[in-house]
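**Student:** I'd like to ask some things about the structure below.
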Amino acid sequence: MAYRQGLDAETVLQAAIEMADLQGVEQLTLAALAAKLNVKTPSLYNHIKGLPDLRKQLSRRGLVLIKEAMVEAVIGKAEDDALLAAGFAYVMFARKQPGLYEAISSLPDYEDPELKEAGSQVVLFLLRILEPYGLSEEDALHVVRGFRSMVHGFASLEHRNGFRMELERDESLRRLLQTYLRGLRVAVK
């Protein structure tokens with residue numbers, strides 16, 4: 001079967017990421033993606049298994065990239081500074097890659113082994129940041145869950161234009177994270 005020169009699975013995924021970031025992951029269709037790539041829709045099936053597979057790939061790529069963003073942000077930092085940096089990196093990722101972030105937020109199949117592994121890597125990274133706090137495994141997982149709830153809530157509200165006051169959003173995020181960290185410090189005493 002003849003493939004269009006330069007068209008491969010990565011090119012298809014990158015085009016889908018661009019479209020999702022501009023229009024939202026729910027607006028992404030194979031017909032629109034094919035048009036963007038200047039191919040017929042059936043040609044996409046040489047590189048993806050269909051729309052559910054594409055959405056899974058978007059989710060997986062989003063999880064990998066959000067973890068990479070947090071890892072990069074915490075280099076050289078520890079404890080509170082590391083969690084603060086990870087929180088900002090999380091929200092910055094959602095700002096810069098709203099379609100990929102949406103794909104993470106609406107995982108197509110929580111039981112898919114590839115998505116489970118990618119999600120586990122994010123959790124394991126956050127658990128490593130928490131090691132200096134001396135928490136039990138269960139307590140650390142609760143902290144990770146709370147942290148994710150907090151930054152996801154902030155990112156989601158911001159994305160949906162939920163912060164309409166003329167007030168610096170990054171300052172609100174900083175204060176939110178610092179309040180959480182103060183509570184964490186009280187809990188580990």
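Here, A, B, ... name the chains of the structure tokens in the order displayed, residue numbers run from 1 inside each chain, and ligands are numbered from 1 in the same displayed order.
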Skipping near chain neighbours, those fewer than 2 positions away, what residues fall within 12 Å of Ala32 of chain A using only C-alpha atoms, listed as a PyMOL selection string?
**Tutor:** chain A and resi 12+15-16+18-20+23+27-30+34-41+44+51
**Student:** Please list as a list in words every residue within 9 Å of Leu176 of chain A, counting only C-alpha atoms and excluding residues in the same chain fewer than 5 positions away.
**Tutor:**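 Skipping anything fewer than 5 positions along the chain leaves Met150, Glu171 and Leu181 of chain A.
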**Student:** Could you write out the selected residues, including N, CA and C atoms, as a PDB file, in the first residue's frame?
**Tutor:**
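Written output follows (out.pdb):
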ATOM      1  N   MET A 150      -6.172  19.672  43.292  1.00  0.00           N
ATOM      2  CA  MET A 150      -5.984  21.110  43.405  1.00  0.00           C
ATOM      3  C   MET A 150      -5.509  21.728  42.080  1.00  0.00           C
ATOM      4  N   GLU A 171      -0.370  34.403  40.857  1.00  0.00           N
ATOM      5  CA  GLU A 171      -0.293  34.709  42.287  1.00  0.00           C
ATOM      6  C   GLU A 171      -1.341  33.888  43.048  1.00  0.00           C
ATOM      7  N   LEU A 181       0.887  23.391  50.955  1.00  0.00           N
ATOM      8  CA  LEU A 181       2.176  22.967  51.505  1.00  0.00           C
ATOM      9  C   LEU A 181       2.250  23.236  53.015  1.00  0.00           C
TER      10      LEU A 181
END
**Student:** Between A:Leu100, A:Val151, A:Leu167, A:Leu135, which is the closest to Arg185 of chain A once you count only C-alpha atoms?
**Tutor:** A:Leu135
**Student:** Distance atom CA of Leu126 of chain A-atom CA of Val144 of chain A, one decimal place?
**Tutor:**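 Distance between the two atoms: 6.6 Å.
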**Student:** Enumerate, as a list in words, the complete set of residues in segment 104-137 of chain A that a backbone-based DSSP assignment places in alpha helix (DSSP H).
**Tutor:**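 Written out, the alpha helix (DSSP H) residues of segment 104-137 of chain A are Ile104, Ser105, Pro113, Glu114, Leu115, Lys116, Glu117, Ala118, Gly119, Ser120, Gln121, Val122, Val123, Leu124, Phe125, Leu126, Leu127, Arg128, Ile129, Leu130 and Glu137 of chain A.
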**Student:** Any idea what's packed within 12 Å of Leu173 of chain A, counting only C-alpha atoms, ignoring anything in its chain fewer than 6 positions away? Could you give it as an MDAnalysis selection string?
**Tutor:** chainID A and resid 84:92 150:155 157:158 163 167 179:180
**Student:** Please produce a file of the residues just selected, as an mmCIF file, in the first residue's frame, where the atoms kept are N, CA, C and O atoms.
**Tutor:**
data_model
loop_
_atom_site.group_PDB
_atom_site.id
_atom_site.type_symbol
_atom_site.label_atom_id
_atom_site.label_comp_id
_atom_site.auth_asym_id
_atom_site.auth_seq_id
_atom_site.Cartn_x
_atom_site.Cartn_y
_atom_site.Cartn_z
ATOM 1 N N LEU A 84 5.972 23.008 44.694
ATOM 2 C CA LEU A 84 5.518 24.275 44.130
ATOM 3 C C LEU A 84 5.840 24.327 42.635
ATOM 4 O O LEU A 84 4.984 24.668 41.808
ATOM 5 N N ALA A 85 7.047 23.946 42.278
ATOM 6 C CA ALA A 85 7.458 23.941 40.866
ATOM 7 C C ALA A 85 6.638 22.933 40.062
ATOM 8 O O ALA A 85 6.231 23.221 38.924
ATOM 9 N N ALA A 86 6.372 21.763 40.632
ATOM 10 C CA ALA A 86 5.568 20.759 39.939
ATOM 11 C C ALA A 86 4.153 21.266 39.717
ATOM 12 O O ALA A 86 3.571 21.055 38.643
ATOM 13 N N GLY A 87 3.595 21.940 40.699
ATOM 14 C CA GLY A 87 2.243 22.492 40.559
ATOM 15 C C GLY A 87 2.169 23.534 39.453
ATOM 16 O O GLY A 87 1.231 23.529 38.641
ATOM 17 N N PHE A 88 3.143 24.423 39.411
ATOM 18 C CA PHE A 88 3.174 25.426 38.346
ATOM 19 C C PHE A 88 3.371 24.769 36.983
ATOM 20 O O PHE A 88 2.738 25.148 36.006
ATOM 21 N N ALA A 89 4.248 23.768 36.921
ATOM 22 C CA ALA A 89 4.487 23.084 35.647
ATOM 23 C C ALA A 89 3.216 22.406 35.151
ATOM 24 O O ALA A 89 2.921 22.423 33.953
ATOM 25 N N TYR A 90 2.463 21.823 36.047
ATOM 26 C CA TYR A 90 1.210 21.159 35.700
ATOM 27 C C TYR A 90 0.242 22.156 35.062
ATOM 28 O O TYR A 90 -0.303 21.914 33.986
ATOM 29 N N VAL A 91 0.052 23.286 35.723
ATOM 30 C CA VAL A 91 -0.887 24.299 35.216
ATOM 31 C C VAL A 91 -0.357 24.921 33.920
ATOM 32 O O VAL A 91 -1.127 25.157 32.983
ATOM 33 N N MET A 92 0.945 25.160 33.827
ATOM 34 C CA MET A 92 1.524 25.712 32.602
ATOM 35 C C MET A 92 1.327 24.752 31.431
ATOM 36 O O MET A 92 1.051 25.182 30.306
ATOM 37 N N MET A 150 -6.172 19.672 43.292
ATOM 38 C CA MET A 150 -5.984 21.110 43.405
ATOM 39 C C MET A 150 -5.509 21.728 42.080
ATOM 40 O O MET A 150 -6.116 22.677 41.581
ATOM 41 N N VAL A 151 -4.454 21.175 41.497
ATOM 42 C CA VAL A 151 -3.930 21.781 40.274
ATOM 43 C C VAL A 151 -4.859 21.522 39.079
ATOM 44 O O VAL A 151 -4.995 22.373 38.199
ATOM 45 N N HIS A 152 -5.513 20.357 39.065
ATOM 46 C CA HIS A 152 -6.477 20.087 37.995
ATOM 47 C C HIS A 152 -7.656 21.051 38.101
ATOM 48 O O HIS A 152 -8.105 21.601 37.092
ATOM 49 N N GLY A 153 -8.142 21.254 39.309
ATOM 50 C CA GLY A 153 -9.252 22.194 39.499
ATOM 51 C C GLY A 153 -8.886 23.591 39.035
ATOM 52 O O GLY A 153 -9.655 24.257 38.336
ATOM 53 N N PHE A 154 -7.703 24.038 39.402
ATOM 54 C CA PHE A 154 -7.246 25.365 39.000
ATOM 55 C C PHE A 154 -7.149 25.449 37.475
ATOM 56 O O PHE A 154 -7.662 26.381 36.852
ATOM 57 N N ALA A 155 -6.488 24.457 36.877
ATOM 58 C CA ALA A 155 -6.306 24.453 35.419
ATOM 59 C C ALA A 155 -7.648 24.397 34.698
ATOM 60 O O ALA A 155 -7.848 25.092 33.698
ATOM 61 N N LEU A 157 -10.698 25.347 35.825
ATOM 62 C CA LEU A 157 -11.413 26.620 35.982
ATOM 63 C C LEU A 157 -10.818 27.698 35.075
ATOM 64 O O LEU A 157 -11.534 28.449 34.418
ATOM 65 N N GLU A 158 -9.509 27.750 35.037
ATOM 66 C CA GLU A 158 -8.849 28.738 34.196
ATOM 67 C C GLU A 158 -9.181 28.512 32.724
ATOM 68 O O GLU A 158 -9.504 29.455 31.997
ATOM 69 N N PHE A 163 -12.004 32.317 36.042
ATOM 70 C CA PHE A 163 -11.388 33.383 36.839
ATOM 71 C C PHE A 163 -11.540 34.695 36.073
ATOM 72 O O PHE A 163 -10.708 35.037 35.248
ATOM 73 N N LEU A 167 -7.279 39.823 38.568
ATOM 74 C CA LEU A 167 -6.382 39.449 39.652
ATOM 75 C C LEU A 167 -5.379 38.471 39.060
ATOM 76 O O LEU A 167 -5.758 37.579 38.294
ATOM 77 N N THR A 179 -0.512 27.347 50.554
ATOM 78 C CA THR A 179 -1.444 26.974 51.616
ATOM 79 C C THR A 179 -1.489 25.459 51.760
ATOM 80 O O THR A 179 -1.472 24.921 52.879
ATOM 81 N N TYR A 180 -1.514 24.752 50.646
ATOM 82 C CA TYR A 180 -1.510 23.291 50.667
ATOM 83 C C TYR A 180 -0.221 22.777 51.315
ATOM 84 O O TYR A 180 -0.248 21.859 52.141
#
**Student:** Extract, using only C-alpha atoms, all DNA, RNA and protein residues at most 12 Å from segment 136-140 of chain A, discarding same-chain residues fewer than 4 positions from it, and format them as a list in words.
**Tutor:**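 The contact residues come out as Val123, Leu124, Phe125, Leu126, Leu127, Arg128, Ile129, Leu130, Glu131, Pro132, Val144, Arg145, Gly146, Phe147, Leu184, Ala187 and Val188 of chain A.
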**Student:** Taking into account only C-alpha atoms, which residue in the set A:Arg55, A:Arg148, A:Arg61, A:His159 is nearest to Leu107 of chain A?
**Tutor:** A:Arg55
**Student:** State, in Å with one decimal place, the distance from atom CA of Leu63 of chain A to atom CA of Leu33 of chain A.
**Tutor:**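 Those two atoms sit 21.7 Å apart.
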